[in-house]
$ cat final31.pdb   # PDB, C-alpha atoms
ATOM      1  CA  MET A   1       0.000   0.000   0.000
ATOM      2  CA  THR A   2       1.391   3.382  -1.062
ATOM      3  CA  LEU A   3       1.151   6.134   1.569
ATOM      4  CA  HIS A   4       1.414   9.835   0.787
ATOM      5  CA  VAL A   5       1.671  12.443   3.546
ATOM      6  CA  ILE A   6       0.543  15.951   2.594
ATOM      7  CA  SER A   7       2.316  18.308   4.919
ATOM      8  CA  HIS A   8       3.785  21.724   5.590
ATOM      9  CA  ALA A   9       7.512  22.087   6.234
ATOM     10  CA  LEU A  10       6.979  23.303   9.818
ATOM     11  CA  CYS A  11       3.823  21.415  10.775
ATOM     12  CA  PRO A  12       4.369  19.561  14.089
ATOM     13  CA  TYR A  13       1.246  17.483  13.493
ATOM     14  CA  ALA A  14       2.567  16.240  10.158
ATOM     15  CA  GLN A  15       5.831  15.349  11.892
ATOM     16  CA  ARG A  16       3.850  12.922  14.056
ATOM     17  CA  ALA A  17       2.765  10.942  11.017
ATOM     18  CA  ALA A  18       6.279  10.969   9.558
ATOM     19  CA  ILE A  19       7.775   9.743  12.832
ATOM     20  CA  ALA A  20       5.206   6.962  13.251
ATOM     21  CA  LEU A  21       5.684   5.709   9.687
ATOM     22  CA  ALA A  22       9.465   5.762  10.106
ATOM     23  CA  GLU A  23       9.183   3.825  13.373
ATOM     24  CA  LYS A  24       7.084   1.205  11.605
ATOM     25  CA  ARG A  25       9.659   1.099   8.791
ATOM     26  CA  VAL A  26       7.040   1.800   6.144
ATOM     27  CA  PRO A  27       8.090   3.803   3.069
ATOM     28  CA  PHE A  28       5.963   6.838   2.265
ATOM     29  CA  ARG A  29       5.945   9.857   0.023
ATOM     30  CA  ARG A  30       5.712  13.364   1.411
ATOM     31  CA  THR A  31       4.572  16.571  -0.264
ATOM     32  CA  ASP A  32       4.919  19.920   1.526
ATOM     33  CA  ILE A  33       2.502  22.650   0.505
ATOM     34  CA  ASP A  34       2.338  26.397   1.152
ATOM     35  CA  LEU A  35      -0.538  26.924   3.583
ATOM     36  CA  SER A  36      -0.785  30.584   2.600
ATOM     37  CA  LYS A  37      -1.560  29.484  -0.964
ATOM     38  CA  LYS A  38      -3.429  26.232  -0.549
ATOM     39  CA  PRO A  39      -3.844  24.424  -3.870
ATOM     40  CA  GLY A  40      -7.340  23.471  -4.934
ATOM     41  CA  TRP A  41      -6.594  19.744  -4.928
ATOM     42  CA  PHE A  42      -5.538  20.007  -1.273
ATOM     43  CA  LEU A  43      -8.752  21.742  -0.205
ATOM     44  CA  GLU A  44     -10.699  18.955  -1.882
ATOM     45  CA  ILE A  45      -9.127  16.332   0.391
ATOM     46  CA  SER A  46      -8.718  18.439   3.566
ATOM     47  CA  PRO A  47     -12.151  19.661   4.705
ATOM     48  CA  LEU A  48     -10.598  21.885   7.388
ATOM     49  CA  GLY A  49      -7.780  23.116   5.158
ATOM     50  CA  LYS A  50      -5.138  21.829   7.581
ATOM     51  CA  THR A  51      -2.173  19.505   7.380
ATOM     52  CA  PRO A  52      -1.483  16.671   7.636
ATOM     53  CA  VAL A  53      -3.521  14.580   5.255
ATOM     54  CA  LEU A  54      -2.670  10.945   4.593
ATOM     55  CA  VAL A  55      -3.566   9.624   1.148
ATOM     56  CA  VAL A  56      -3.613   5.835   0.907
ATOM     57  CA  GLY A  57      -2.842   3.870  -2.231
ATOM     58  CA  ASP A  58      -6.334   3.887  -3.690
ATOM     59  CA  GLY A  59      -6.600   7.664  -3.430
ATOM     60  CA  ARG A  60      -8.694   7.899  -0.281
ATOM     61  CA  ALA A  61      -7.657  10.696   2.086
ATOM     62  CA  ILE A  62      -7.600  10.781   5.884
ATOM     63  CA  PHE A  63      -7.393  14.123   7.705
ATOM     64  CA  GLU A  64      -6.613  15.146  11.317
ATOM     65  CA  SER A  65      -3.339  13.993  12.866
ATOM     66  CA  ALA A  66      -4.847  11.985  15.734
ATOM     67  CA  VAL A  67      -7.022  10.034  13.300
ATOM     68  CA  ILE A  68      -4.053   9.477  10.994
ATOM     69  CA  LEU A  69      -1.984   8.048  13.853
ATOM     70  CA  GLU A  70      -4.813   5.684  14.783
ATOM     71  CA  TYR A  71      -5.098   4.510  11.173
ATOM     72  CA  ILE A  72      -1.344   3.929  11.026
ATOM     73  CA  GLU A  73      -1.518   2.009  14.299
ATOM     74  CA  GLU A  74      -4.447  -0.147  13.206
ATOM     75  CA  THR A  75      -3.192  -1.047   9.732
ATOM     76  CA  LEU A  76       0.577  -1.374  10.059
ATOM     77  CA  PRO A  77       2.874  -3.702  12.053
ATOM     78  CA  CYS A  78       5.008  -2.871  15.096
ATOM     79  CA  PRO A  79       2.445  -1.608  17.663
ATOM     80  CA  MET A  80       3.226   1.727  19.303
ATOM     81  CA  HIS A  81       0.278   1.827  21.723
ATOM     82  CA  PRO A  82       0.349  -0.186  24.964
ATOM     83  CA  ALA A  83      -1.536  -3.473  24.866
ATOM     84  CA  ASP A  84      -3.389  -2.745  28.101
ATOM     85  CA  PRO A  85      -6.637  -0.807  27.407
ATOM     86  CA  PHE A  86      -6.230   1.515  30.406
ATOM     87  CA  GLU A  87      -2.617   2.333  29.556
ATOM     88  CA  ARG A  88      -3.591   2.864  25.938
ATOM     89  CA  ALA A  89      -6.296   5.313  26.997
ATOM     90  CA  MET A  90      -3.836   7.138  29.243
ATOM     91  CA  HIS A  91      -1.395   7.472  26.361
ATOM     92  CA  ARG A  92      -4.106   9.001  24.200
ATOM     93  CA  GLY A  93      -4.774  11.472  26.991
ATOM     94  CA  TRP A  94      -1.131  12.525  27.185
ATOM     95  CA  MET A  95      -1.060  12.894  23.428
ATOM     96  CA  GLU A  96      -3.864  15.449  23.799
ATOM     97  CA  TYR A  97      -1.831  17.072  26.565
ATOM     98  CA  GLY A  98       0.926  17.479  23.986
ATOM     99  CA  SER A  99      -1.528  19.174  21.640
ATOM    100  CA  ALA A 100      -2.384  21.634  24.419
ATOM    101  CA  ILE A 101       1.336  22.380  24.759
ATOM    102  CA  LEU A 102       1.501  23.079  21.027
ATOM    103  CA  ASN A 103      -1.331  25.592  21.440
ATOM    104  CA  ASP A 104       0.672  27.368  24.144
ATOM    105  CA  ILE A 105       3.758  27.327  21.916
ATOM    106  CA  ALA A 106       1.769  28.972  19.118
ATOM    107  CA  GLY A 107       0.598  31.594  21.595
ATOM    108  CA  LEU A 108       4.177  32.144  22.719
ATOM    109  CA  TYR A 109       5.702  32.887  19.326
ATOM    110  CA  SER A 110       2.643  34.943  18.351
ATOM    111  CA  ALA A 111       2.421  37.027  21.551
ATOM    112  CA  LYS A 112       2.435  40.732  20.740
ATOM    113  CA  ASP A 113       3.098  42.070  24.233
ATOM    114  CA  VAL A 114       5.255  41.040  27.168
ATOM    115  CA  ASP A 115       2.352  40.154  29.462
ATOM    116  CA  ALA A 116       0.913  37.692  26.940
ATOM    117  CA  TYR A 117       4.384  36.315  26.260
ATOM    118  CA  ASP A 118       5.154  35.795  29.952
ATOM    119  CA  GLY A 119       1.744  34.223  30.450
ATOM    120  CA  LYS A 120       2.459  31.597  27.823
ATOM    121  CA  LEU A 121       5.890  30.916  29.303
ATOM    122  CA  SER A 122       4.249  30.311  32.688
ATOM    123  CA  ALA A 123       1.611  28.043  31.174
ATOM    124  CA  LEU A 124       4.264  26.009  29.403
ATOM    125  CA  ARG A 125       6.415  25.749  32.510
ATOM    126  CA  ALA A 126       3.460  24.437  34.521
ATOM    127  CA  LYS A 127       2.684  21.779  31.936
ATOM    128  CA  PHE A 128       6.278  20.552  31.776
ATOM    129  CA  GLU A 129       6.530  20.530  35.578
ATOM    130  CA  ARG A 130       3.531  18.206  35.572
ATOM    131  CA  LEU A 131       5.328  15.932  33.108
ATOM    132  CA  GLU A 132       8.437  15.946  35.299
ATOM    133  CA  THR A 133       6.449  14.236  38.056
ATOM    134  CA  LEU A 134       5.114  11.623  35.665
ATOM    135  CA  ILE A 135       8.095  10.480  33.598
ATOM    136  CA  GLY A 136       9.807   7.319  34.789
ATOM    137  CA  GLU A 137      13.286   6.014  34.136
ATOM    138  CA  GLY A 138      13.003   6.386  30.357
ATOM    139  CA  PRO A 139      14.480   6.610  27.898
ATOM    140  CA  TRP A 140      10.979   7.083  26.466
ATOM    141  CA  PHE A 141       7.685   8.257  27.886
ATOM    142  CA  SER A 142       6.690   4.781  29.023
ATOM    143  CA  GLY A 143      10.109   3.256  29.590
ATOM    144  CA  ASP A 144      11.809   1.121  26.968
ATOM    145  CA  ALA A 145       8.973   1.210  24.426
ATOM    146  CA  PHE A 146       8.862   4.115  21.959
ATOM    147  CA  SER A 147       5.193   5.093  21.748
ATOM    148  CA  HIS A 148       2.874   7.544  20.047
ATOM    149  CA  VAL A 149       3.323   9.886  23.009
ATOM    150  CA  ASP A 150       6.952  10.116  21.942
ATOM    151  CA  THR A 151       5.891  10.922  18.369
ATOM    152  CA  VAL A 152       3.916  13.862  19.778
ATOM    153  CA  PHE A 153       6.687  15.251  21.965
ATOM    154  CA  GLY A 154       9.541  14.953  19.480
ATOM    155  CA  PRO A 155       8.214  17.931  17.468
ATOM    156  CA  ILE A 156       7.407  19.819  20.676
ATOM    157  CA  PHE A 157      10.964  19.702  21.990
ATOM    158  CA  ARG A 158      12.289  20.619  18.548
ATOM    159  CA  TYR A 159      10.711  24.066  18.962
ATOM    160  CA  PHE A 160      12.813  24.710  22.047
ATOM    161  CA  ASP A 161      16.044  24.014  20.175
ATOM    162  CA  THR A 162      15.295  27.184  18.204
ATOM    163  CA  PHE A 163      13.610  29.160  20.996
ATOM    164  CA  GLU A 164      16.606  28.776  23.292
ATOM    165  CA  LYS A 165      18.923  30.152  20.621
ATOM    166  CA  ILE A 166      16.703  33.208  20.142
ATOM    167  CA  GLY A 167      16.310  34.226  23.763
ATOM    168  CA  ASP A 168      16.722  33.284  27.398
ATOM    169  CA  ILE A 169      13.980  30.649  27.450
ATOM    170  CA  LYS A 170      14.142  28.737  30.731
ATOM    171  CA  THR A 171      10.944  26.736  30.354
ATOM    172  CA  LEU A 172      12.694  23.382  30.707
ATOM    173  CA  LYS A 173      15.483  24.462  33.069
ATOM    174  CA  GLY A 174      15.939  22.200  36.079
ATOM    175  CA  LEU A 175      13.514  19.561  34.817
ATOM    176  CA  SER A 176      16.008  16.721  34.614
ATOM    177  CA  LYS A 177      13.648  13.942  33.496
ATOM    178  CA  VAL A 178      12.039  16.127  30.848
ATOM    179  CA  GLN A 179      15.455  17.214  29.602
ATOM    180  CA  GLU A 180      16.709  13.633  29.428
ATOM    181  CA  TRP A 181      13.614  12.606  27.470
ATOM    182  CA  ARG A 182      14.145  15.580  25.185
ATOM    183  CA  SER A 183      17.761  14.557  24.598
ATOM    184  CA  HIS A 184      16.869  10.981  23.685
ATOM    185  CA  LEU A 185      14.166  12.160  21.293
ATOM    186  CA  SER A 186      16.530  14.577  19.585
ATOM    187  CA  GLU A 187      18.852  11.658  18.791
ATOM    188  CA  ARG A 188      16.143   9.335  17.470
ATOM    189  CA  GLN A 189      16.469   8.911  13.707
ATOM    190  CA  SER A 190      12.723   8.934  13.093
ATOM    191  CA  VAL A 191      12.438  12.278  14.914
ATOM    192  CA  ARG A 192      15.446  13.795  13.186
ATOM    193  CA  SER A 193      14.268  12.783   9.730
ATOM    194  CA  ALA A 194      10.753  14.194  10.207
ATOM    195  CA  VAL A 195      11.948  17.660   9.113
ATOM    196  CA  SER A 196      14.328  19.002   6.502
ATOM    197  CA  VAL A 197      17.828  20.182   7.410
ATOM    198  CA  ASP A 198      16.777  23.808   6.994
ATOM    199  CA  TYR A 199      13.963  23.506   9.538
ATOM    200  CA  PRO A 200      15.615  25.826  12.140
ATOM    201  CA  ALA A 201      16.095  28.594   9.586
ATOM    202  CA  ARG A 202      12.550  28.153   8.297
ATOM    203  CA  LEU A 203      11.149  28.296  11.820
ATOM    204  CA  GLU A 204      13.115  31.426  12.660
ATOM    205  CA  GLU A 205      11.868  33.125   9.497
ATOM    206  CA  PHE A 206       8.317  32.077  10.347
ATOM    207  CA  ILE A 207       8.649  33.587  13.827
ATOM    208  CA  LYS A 208       9.994  36.826  12.372
ATOM    209  CA  LYS A 209       6.893  37.157  10.218
ATOM    210  CA  ARG A 210       4.675  36.874  13.297
ATOM    211  CA  GLY A 211       6.085  40.192  14.504
ATOM    212  CA  GLY A 212       5.693  39.373  18.187
ATOM    213  CA  VAL A 213       7.896  39.618  21.266
ATOM    214  CA  MET A 214       9.971  36.596  20.225
ATOM    215  CA  ALA A 215      10.451  37.988  16.713
ATOM    216  CA  ARG A 216      11.873  41.189  18.156
ATOM    217  CA  ALA A 217      14.472  39.144  20.069
ATOM    218  CA  ILE A 218      15.917  37.633  16.890
ATOM    219  CA  PRO A 219      19.197  39.430  16.058
ATOM    220  CA  ALA A 220      19.240  41.321  12.795
ATOM    221  CA  CYS A 221      21.901  40.110  10.357
TER     222      CYS A 221
END

$ encode --input "final31.pdb" --output "structure tokens"
Amino acid sequence: MTLHVISHALCPYAQRAAIALAEKRVPFRRTDIDLSKKPGWFLEISPLGKTPVLVVGDGRAIFESAVILEYIEETLPCPMHPADPFERAMHRGWMEYGSAILNDIAGLYSAKDVDAYDGKLSALRAKFERLETLIGEGPWFSGDAFSHVDTVFGPIFRYFDTFEKIGDIKTLKGLSKVQEWRSHLSERQSVRSAVSVDYPARLEEFIKKRGGVMARAIPAC
């Protein structure tokens, strides 16, 4: 079965699908589109006009990242969800927690004033402090098994690689378990290959265009 991921170069939700497919060792094709100039064919297969979309071999399209991950899990080998129903449900909950973190991240790089910016930093810090109390011995979210929760947090931590170069972002400072998890994810091949090599530069340019507090911290060159 041929799989085709329709994405955007910076989309963290599309990265989830790319990571999961790489973990399952399934070849796939990827097409990045410009979301500011969405092609007509894309709008026909993406009712909400968002990435990612997964097109399967017969041309049928699946939209929404959480649904795409469930389809990948149900149809491909190498399970990434726990076998136990309760643990599986808990993992799905923490995946949604990751989506809430992504919303705060979007608010952070879009914040136009310092109060809004600081508010998002505080919200993010609180969420990661909660994770610090939950994470076990690692190296992954649930121990030795790389799971879909890890596919969600790989793209999240990638943001901070750029944020910390732009300014004095201390969101993860002192959170040793979170930082160790972050480090392991940054070294995972599936996570690394989910973006192009110019991702940091693209992200920085994207932040500049937002014109917020973070954009103003980027040195002119």

$ residues_around --input "final31.pdb" --residues "Val178 of chain A" --least-positions-apart "3" --cutoff "12 Å" --atoms "all atoms listed in the file" --output "VMD selection string"
chain A and resid 125 127 to 141 150 153 to 154 156 to 157 171 to 175 181 to 185

$ closest_residue --input "final31.pdb" --among "A:Ile72, A:Tyr117, A:Ser142, A:Asp104" --to "Met90 of chain A" --atoms "only C-alpha atoms"
A:Ser142

$ atom_distance --input "final31.pdb" --atom1 "atom CA of Leu54 of chain A" --atom2 "atom CA of Val5 of chain A"
4.7 Å

$ closest_atom_pairs --input "final31.pdb" --of "segment 81-112 of chain A" --to "segment 195-206 of chain A" --cutoff "12 Å" --atoms "all atoms listed in the file" --output "CSV"
residue,atom,partner,partner_atom,distance
A:Ala106,CA,A:Phe206,CA,11.4
A:Tyr109,CA,A:Phe206,CA,9.4
A:Ser110,CA,A:Phe206,CA,10.2

$ write_last_selection --input "final31.pdb" --atoms "C-alpha atoms" --output "tab-separated table (two decimals), in the frame of the given file"
chain	number	residue	atom	x	y	z
A	106	ALA	CA	1.77	28.97	19.12
A	109	TYR	CA	5.70	32.89	19.33
A	110	SER	CA	2.64	34.94	18.35

$ resolve_selection --input "final31.pdb" --expression "the PyMOL selection byres ((chain A and resi 2) around 7)" --output "list in words"
Met1, Leu3, His4, Phe28, Val56 and Gly57 of chain A

$ closest_residue --input "final31.pdb" --among "A:Leu108, A:Ala215, A:Ala83, A:Val53" --to "Gln15 of chain A" --atoms "only C-alpha atoms"
A:Val53

$ atom_distance --input "final31.pdb" --atom1 "atom CA of Asp115 of chain A" --atom2 "atom CA of Trp94 of chain A"
27.9 Å

$ closest_residue --input "final31.pdb" --among "A:Pro52, A:Pro12, A:Pro47, A:Gly40" --to "Thr151 of chain A" --atoms "all atoms listed in the file"
A:Pro12

$ closest_residue --input "final31.pdb" --among "A:Arg188, A:Lys208, A:Lys170, A:Arg16" --to "Ser99 of chain A" --atoms "all atoms listed in the file"
A:Arg16

$ closest_residue --input "final31.pdb" --among "A:Ile207, A:Ala145, A:Ile6, A:Leu35" --to "Glu23 of chain A" --atoms "only C-alpha atoms"
A:Ala145

$ closest_residue --input "final31.pdb" --among "A:Gly212, A:Gly59, A:Pro155, A:Gly107" --to "Ala14 of chain A" --atoms "only C-alpha atoms"
A:Pro155

$ atom_distance --input "final31.pdb" --atom1 "atom CA of Val152 of chain A" --atom2 "atom CA of Gly98 of chain A"
6.3 Å

$ resolve_selection --input "final31.pdb" --expression "the PyMOL selection byres ((chain A and resi 65) around 7)" --output "MDAnalysis selection string"
chainID A and resid 13:14 52 63:64 66:69

$ write_last_selection --input "final31.pdb" --atoms "C-alpha atoms" --output "PDB file, in the frame of the given file"
ATOM      1  CA  TYR A  13       1.246  17.483  13.493  1.00  0.00           C
ATOM      2  CA  ALA A  14       2.567  16.240  10.158  1.00  0.00           C
ATOM      3  CA  PRO A  52      -1.483  16.671   7.636  1.00  0.00           C
ATOM      4  CA  PHE A  63      -7.393  14.123   7.705  1.00  0.00           C
ATOM      5  CA  GLU A  64      -6.613  15.146  11.317  1.00  0.00           C
ATOM      6  CA  ALA A  66      -4.847  11.985  15.734  1.00  0.00           C
ATOM      7  CA  VAL A  67      -7.022  10.034  13.300  1.00  0.00           C
ATOM      8  CA  ILE A  68      -4.053   9.477  10.994  1.00  0.00           C
ATOM      9  CA  LEU A  69      -1.984   8.048  13.853  1.00  0.00           C
TER      10      LEU A  69
END

$ resolve_selection --input "final31.pdb" --expression "the PyMOL selection byres ((chain A and resi 73) around 12)" --output "PyMOL selection string"
chain A and resi 17+20-21+23-24+26+66-72+74-83+88+147-148

$ axis_aligned_box --input "final31.pdb" --around "segment 19-37 of chain A" --padding-each-side "4 Å" --output "AutoDock Vina command-line options"
--center_x 4.0 --center_y 15.8 --center_z 6.2 --size_x 19.2 --size_y 37.5 --size_z 22.3

$ build_atoms --input "final31.pdb" --residues "segment 10-25 of chain A" --atoms "N, CA and C atoms" --output "mmCIF file, in the frame of the given file"
data_model
loop_
_atom_site.group_PDB
_atom_site.id
_atom_site.type_symbol
_atom_site.label_atom_id
_atom_site.label_comp_id
_atom_site.auth_asym_id
_atom_site.auth_seq_id
_atom_site.Cartn_x
_atom_site.Cartn_y
_atom_site.Cartn_z
ATOM 1 N N LEU A 10 6.832 23.059 8.386
ATOM 2 C CA LEU A 10 6.979 23.303 9.818
ATOM 3 C C LEU A 10 5.921 22.620 10.670
ATOM 4 N N CYS A 11 4.979 21.934 10.045
ATOM 5 C CA CYS A 11 3.823 21.415 10.775
ATOM 6 C C CYS A 11 4.203 20.328 11.788
ATOM 7 N N PRO A 12 4.021 20.581 13.091
ATOM 8 C CA PRO A 12 4.369 19.561 14.089
ATOM 9 C C PRO A 12 3.435 18.361 14.030
ATOM 10 N N TYR A 13 2.210 18.583 13.574
ATOM 11 C CA TYR A 13 1.246 17.483 13.493
ATOM 12 C C TYR A 13 1.604 16.538 12.350
ATOM 13 N N ALA A 14 2.106 17.081 11.256
ATOM 14 C CA ALA A 14 2.567 16.240 10.158
ATOM 15 C C ALA A 14 3.814 15.453 10.566
ATOM 16 N N GLN A 15 4.643 16.053 11.408
ATOM 17 C CA GLN A 15 5.831 15.349 11.892
ATOM 18 C C GLN A 15 5.441 14.082 12.638
ATOM 19 N N ARG A 16 4.313 14.114 13.333
ATOM 20 C CA ARG A 16 3.850 12.922 14.056
ATOM 21 C C ARG A 16 3.671 11.749 13.096
ATOM 22 N N ALA A 17 3.003 12.010 11.986
ATOM 23 C CA ALA A 17 2.765 10.942 11.017
ATOM 24 C C ALA A 17 4.078 10.436 10.435
ATOM 25 N N ALA A 18 4.987 11.357 10.120
ATOM 26 C CA ALA A 18 6.279 10.969 9.558
ATOM 27 C C ALA A 18 7.075 10.117 10.536
ATOM 28 N N ILE A 19 7.042 10.488 11.805
ATOM 29 C CA ILE A 19 7.775 9.743 12.832
ATOM 30 C C ILE A 19 7.180 8.337 12.984
ATOM 31 N N ALA A 20 5.861 8.263 13.064
ATOM 32 C CA ALA A 20 5.206 6.962 13.251
ATOM 33 C C ALA A 20 5.487 6.029 12.076
ATOM 34 N N LEU A 21 5.412 6.550 10.861
ATOM 35 C CA LEU A 21 5.684 5.709 9.687
ATOM 36 C C LEU A 21 7.136 5.255 9.656
ATOM 37 N N ALA A 22 8.048 6.139 10.054
ATOM 38 C CA ALA A 22 9.465 5.762 10.106
ATOM 39 C C ALA A 22 9.699 4.686 11.166
ATOM 40 N N GLU A 23 9.039 4.821 12.313
ATOM 41 C CA GLU A 23 9.183 3.825 13.373
ATOM 42 C C GLU A 23 8.672 2.464 12.925
ATOM 43 N N LYS A 24 7.638 2.463 12.102
ATOM 44 C CA LYS A 24 7.084 1.205 11.605
ATOM 45 C C LYS A 24 7.797 0.708 10.349
ATOM 46 N N ARG A 25 8.825 1.469 9.938
ATOM 47 C CA ARG A 25 9.659 1.099 8.791
ATOM 48 C C ARG A 25 8.836 0.915 7.512
#
